[in-house]
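Asks: Pasting a structure here, questions to come.
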Amino acid sequence: MKQMRMITAGVTAMLLASAGMPGIAAAQVGGPPADASTNMQSYILGQRDIIGVEVAGRADYKTQVQVQEDGTVALPLIGLVPAASLTVPQLRAEIQRRLTSGGFFLKPDVIVTLITASSQYAVMLGDVGQSGLLMLDREYRLTEVLARAGGVRPGSDDVTVTSPTGETREYSMRAIATNKAPDPIVVAGSKVLVAPAKVFYIYGQIGSPGGFPVDEGMTIRQALARAGGITSLGSSKKVKLYRGEQVTKRVKLNTTVQPGDTIVVGERFF
């Protein structure tokens with residue numbers, strides 16, 4: 001249980017540190033755990049990732065290397081070792097096997113540390129809590145990456161996901177949340193763009209003038225309530241609707257609100 005708590009705490013620290021950009025914290029596998037390390041058992045190594053490799057107790061075998069374009073890392077004694085598409089534990093096992101089979105060490109305690117994670121990430125953009133690079137240490141769905149990035153801002157709903165090949169797909173967070181649409185997996189290299197909230201504006205004799213998100217099917221009556229209701233000086237018969245170049249006076253309260261609408265509540269006659 002103590003070990004599980006250490007691992008959980010480490011993973012939490014990495015998620016918080018990596019919300020802005022990957023590679024801030026290190027993941028260590030093998031050997032004694034470091035206080036600042038994070039156990040990233042499922043992270044898939046890729047090009048440009050930087051790792052540290054050492055044999056515990058042997059000061060003469062310690063190095064930092066970058067995963068090259070061909071997916072390999074160059075290590076002392078054993079030369080080029082395939083690293084891309086392997087997890088950190090898998091790479092550790094392979095290095096340990098090669099050091100043993102080559103007769104360099106009898107029972108080497110290999111430590112592999114993920115120094116900088118640069119290959120497995122998604123780019124978070126738009127109306128999201130924290131934009132930037134988000135490291136993908138495992139398989140994540142769209143709702144999960146958005147949650148890790150601080151969530152979408154109030155009123156935002158439309159999300160566009162662009163794959164590494166340039167294919168784009170649009171999603172509604174409301175539809176996903178209500179199980180009306182699938183929650184897609186976000187692959188490494190994807191760009192996630194949260195569109196600004198669709199809003200309407202309301203001014204005049206209203207409790208809380210300003211801009212508010214447009215809910216699906218929202219009416220003028222509901223918009224008035226959302227903005228705090230009409231003041232004692234206002235009148236529901238003096239409501240104007242500005243939609244583009246068109247102005248509607250004495251608008252019906254069951255009229256559906258559209259994004260960009262401006263509602264003005266006038267004063268009543270005494």
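In the structure tokens, each chain is lettered A, B, ... as it comes, each chain's residues begin at 1, and ligands are numbered from 1 in order of appearance.
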Using only C-alpha atoms, find each residue of segment 110-178 of chain A with at least one atom at most 8 Å away from an atom of segment 198-222 of chain A; report its shortest atom-to-atom pair and that distance in Å (one decimal), sort the rows by chain and rising residue number, and return the result as CSV.
Replies:
residue,atom,partner,partner_atom,distance
A:Pro154,CA,A:Pro213,CA,7.5
A:Gly155,CA,A:Pro213,CA,4.9
A:Ser156,CA,A:Lys198,CA,7.0
Asks: With C-alpha atoms retained, export the selected residues as a PDB file, in the first residue's frame.
Replies:
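Once everything was written out, this is result23.pdb:
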ATOM      1  CA  PRO A 154     -18.303  28.130 -19.155  1.00  0.00           C
ATOM      2  CA  GLY A 155     -20.565  27.998 -22.173  1.00  0.00           C
ATOM      3  CA  SER A 156     -18.015  26.371 -24.474  1.00  0.00           C
TER       4      SER A 156
END
Asks: Can you pull out the residues contacting segment 40-44 of chain A? Cut-off 6 Å, using only C-alpha atoms, and skip same-chain residues under 5 positions away; I want them as a VMD selection string.
Replies: chain A and resid 27 85 to 87 137 to 138
Asks: Let's have the selection written as a CSV table (one decimal), in the first residue's frame, with N, CA, C and O atoms.
Replies:
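Generated output (out22.csv):
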chain,number,residue,atom,x,y,z
A,27,ALA,N,10.6,10.5,-15.1
A,27,ALA,CA,10.1,9.2,-14.7
A,27,ALA,C,11.2,8.2,-14.6
A,27,ALA,O,12.0,8.1,-15.5
A,85,SER,N,8.5,3.3,-29.5
A,85,SER,CA,7.4,2.4,-29.4
A,85,SER,C,7.5,1.4,-28.2
A,85,SER,O,6.6,0.6,-28.0
A,86,LEU,N,8.5,1.6,-27.4
A,86,LEU,CA,8.6,0.8,-26.1
A,86,LEU,C,8.2,1.7,-24.9
A,86,LEU,O,8.4,2.9,-24.9
A,87,THR,N,7.7,1.0,-23.9
A,87,THR,CA,7.5,1.7,-22.6
A,87,THR,C,8.8,1.8,-21.9
A,87,THR,O,9.8,1.1,-22.3
A,137,ASP,N,0.7,10.2,-21.3
A,137,ASP,CA,1.4,9.1,-20.7
A,137,ASP,C,0.7,7.7,-20.9
A,137,ASP,O,1.2,6.7,-20.5
A,138,ARG,N,-0.5,7.8,-21.4
A,138,ARG,CA,-1.3,6.6,-21.7
A,138,ARG,C,-2.4,6.9,-22.7
A,138,ARG,O,-2.3,8.0,-23.3
Asks: Can you tell me, as an NGL selection string, which residues in segment 24-190 of chain A count as helix (DSSP H, G or I) by DSSP?
Replies: :A and (88-101 or 142-148 or 173-177)
Asks: Can you write out the residues you just picked, keeping N, CA, C and O atoms, as a short mmCIF file (atom, residue, chain, number, x, y, z; two decimals), in the first residue's frame?
Replies:
data_model
loop_
_atom_site.label_atom_id
_atom_site.label_comp_id
_atom_site.auth_asym_id
_atom_site.auth_seq_id
_atom_site.Cartn_x
_atom_site.Cartn_y
_atom_site.Cartn_z
N VAL A 88 8.92 2.63 -20.92
CA VAL A 88 10.17 2.75 -20.16
C VAL A 88 10.55 1.41 -19.52
O VAL A 88 11.71 1.00 -19.59
N PRO A 89 9.62 0.68 -18.90
CA PRO A 89 9.99 -0.63 -18.35
C PRO A 89 10.45 -1.62 -19.42
O PRO A 89 11.36 -2.42 -19.17
N GLN A 90 9.83 -1.57 -20.60
CA GLN A 90 10.25 -2.48 -21.67
C GLN A 90 11.67 -2.18 -22.12
O GLN A 90 12.47 -3.10 -22.37
N LEU A 91 12.00 -0.89 -22.24
CA LEU A 91 13.36 -0.52 -22.63
C LEU A 91 14.34 -0.94 -21.55
O LEU A 91 15.43 -1.45 -21.86
N ARG A 92 14.00 -0.74 -20.31
CA ARG A 92 14.88 -1.16 -19.21
C ARG A 92 15.18 -2.65 -19.30
O ARG A 92 16.33 -3.08 -19.15
N ALA A 93 14.14 -3.45 -19.54
CA ALA A 93 14.33 -4.90 -19.63
C ALA A 93 15.25 -5.27 -20.79
O ALA A 93 16.09 -6.17 -20.69
N GLU A 94 15.10 -4.56 -21.93
CA GLU A 94 15.92 -4.86 -23.10
C GLU A 94 17.38 -4.49 -22.85
O GLU A 94 18.31 -5.22 -23.23
N ILE A 95 17.61 -3.33 -22.23
CA ILE A 95 18.99 -2.94 -21.91
C ILE A 95 19.62 -3.93 -20.94
O ILE A 95 20.77 -4.34 -21.10
N GLN A 96 18.86 -4.30 -19.95
CA GLN A 96 19.36 -5.26 -18.97
C GLN A 96 19.71 -6.59 -19.63
O GLN A 96 20.74 -7.21 -19.32
N ARG A 97 18.86 -7.04 -20.56
CA ARG A 97 19.10 -8.30 -21.26
C ARG A 97 20.39 -8.22 -22.08
O ARG A 97 21.22 -9.16 -22.06
N ARG A 98 20.59 -7.10 -22.77
CA ARG A 98 21.77 -6.97 -23.63
C ARG A 98 23.06 -6.87 -22.81
O ARG A 98 24.10 -7.40 -23.20
N LEU A 99 22.99 -6.17 -21.69
CA LEU A 99 24.18 -6.07 -20.84
C LEU A 99 24.54 -7.43 -20.25
O LEU A 99 25.72 -7.76 -20.10
N THR A 100 23.52 -8.23 -19.96
CA THR A 100 23.76 -9.56 -19.39
C THR A 100 24.25 -10.54 -20.45
O THR A 100 25.27 -11.23 -20.26
N SER A 101 23.54 -10.57 -21.60
CA SER A 101 23.90 -11.53 -22.65
C SER A 101 25.26 -11.21 -23.26
O SER A 101 25.97 -12.09 -23.75
N LEU A 142 -11.15 12.21 -25.15
CA LEU A 142 -11.25 13.66 -25.28
C LEU A 142 -11.64 14.32 -23.96
O LEU A 142 -11.05 15.34 -23.57
N THR A 143 -12.63 13.78 -23.28
CA THR A 143 -13.05 14.38 -22.02
C THR A 143 -11.92 14.36 -20.99
O THR A 143 -11.80 15.27 -20.16
N GLU A 144 -11.08 13.36 -21.05
CA GLU A 144 -9.98 13.24 -20.09
C GLU A 144 -8.90 14.28 -20.35
O GLU A 144 -8.38 14.90 -19.40
N VAL A 145 -8.52 14.49 -21.62
CA VAL A 145 -7.47 15.48 -21.89
C VAL A 145 -7.98 16.88 -21.59
O VAL A 145 -7.22 17.73 -21.11
N LEU A 146 -9.26 17.13 -21.83
CA LEU A 146 -9.81 18.44 -21.51
C LEU A 146 -9.84 18.65 -20.00
O LEU A 146 -9.55 19.75 -19.51
N ALA A 147 -10.16 17.60 -19.26
CA ALA A 147 -10.16 17.71 -17.80
C ALA A 147 -8.75 17.98 -17.28
O ALA A 147 -8.55 18.80 -16.38
N ARG A 148 -7.76 17.29 -17.86
CA ARG A 148 -6.37 17.49 -17.44
C ARG A 148 -5.88 18.89 -17.77
O ARG A 148 -4.98 19.42 -17.11
N MET A 173 -19.38 18.75 -26.57
CA MET A 173 -19.16 18.24 -25.23
C MET A 173 -20.47 17.87 -24.55
O MET A 173 -20.52 16.91 -23.77
N ARG A 174 -21.53 18.60 -24.83
CA ARG A 174 -22.82 18.25 -24.25
C ARG A 174 -23.29 16.89 -24.76
O ARG A 174 -23.83 16.08 -23.99
N ALA A 175 -23.09 16.65 -26.04
CA ALA A 175 -23.50 15.37 -26.61
C ALA A 175 -22.70 14.22 -26.02
O ALA A 175 -23.24 13.15 -25.72
N ILE A 176 -21.41 14.44 -25.81
CA ILE A 176 -20.57 13.40 -25.22
C ILE A 176 -20.98 13.16 -23.77
O ILE A 176 -21.08 12.03 -23.31
N ALA A 177 -21.23 14.25 -23.04
CA ALA A 177 -21.57 14.14 -21.62
C ALA A 177 -22.90 13.42 -21.41
O ALA A 177 -23.10 12.77 -20.38
#
Asks: Would you list, as a ChimeraX atom specification, the residues of segment 50-126 of chain A that end up in strand (DSSP E or B) under DSSP run on this structure's backbone?
Replies: /A:50-55,58-66,72-75,79-82,87,110-116,121-126
Asks: Report the distance between atom CA of Ile115 of chain A and atom CA of Lys191 of chain A in Å, rounded to one decimal place.
Replies: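 Separation of atom CA of Ile115 of chain A and atom CA of Lys191 of chain A: 23.8 Å.
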Asks: Between A:Ala188, A:Val67, A:Val194, A:Ala56, which is the closest to Tyr121 of chain A once you count only C-alpha atoms?
Replies: A:Ala188
Asks: To one decimal place in Å, what is the distance between atom CA of Arg250 of chain A and atom CA of Lys237 of chain A?
Replies: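 Calculated distance between atom CA of Arg250 of chain A and atom CA of Lys237 of chain A is 5.7 Å.
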Asks: Of the candidates A:Val192, A:Val187, A:Val53, A:Leu45, which one gets nearest to Asp109 of chain A if we count only C-alpha atoms?
Replies: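 The closest residue to Asp109 of chain A is A:Val53.
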Asks: List as a list in words the protein and nucleic acid residues near Pro76 of chain A, meaning an atom at most 9 Å away when only C-alpha atoms are counted, but skip any in the same chain fewer than 3 places from it.
Replies: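 Near Pro76 of chain A, the qualifying residues are Tyr61, Lys62, Thr63, Gly79 and Leu80 of chain A.
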Asks: In terms of the shortest atom-to-atom distance over only C-alpha atoms, which of A:Gln246, A:Asn254, A:Thr178, A:Thr231 is closest to Glu267 of chain A?
Replies: A:Thr231
Asks: How far is it from atom CA of Leu241 of chain A to atom CA of Asp157 of chain A, in Å with one decimal?
Replies: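 According to the coordinates, atom CA of Leu241 of chain A and atom CA of Asp157 of chain A are separated by 24.3 Å.
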Asks: My list of candidates is A:Lys240, A:Arg48, A:Arg226, A:Arg141. Which is closest to Ser119 of chain A when distances are computed with only C-alpha atoms?
Replies: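 Among the listed residues, the smallest separation from Ser119 of chain A belongs to A:Arg48.
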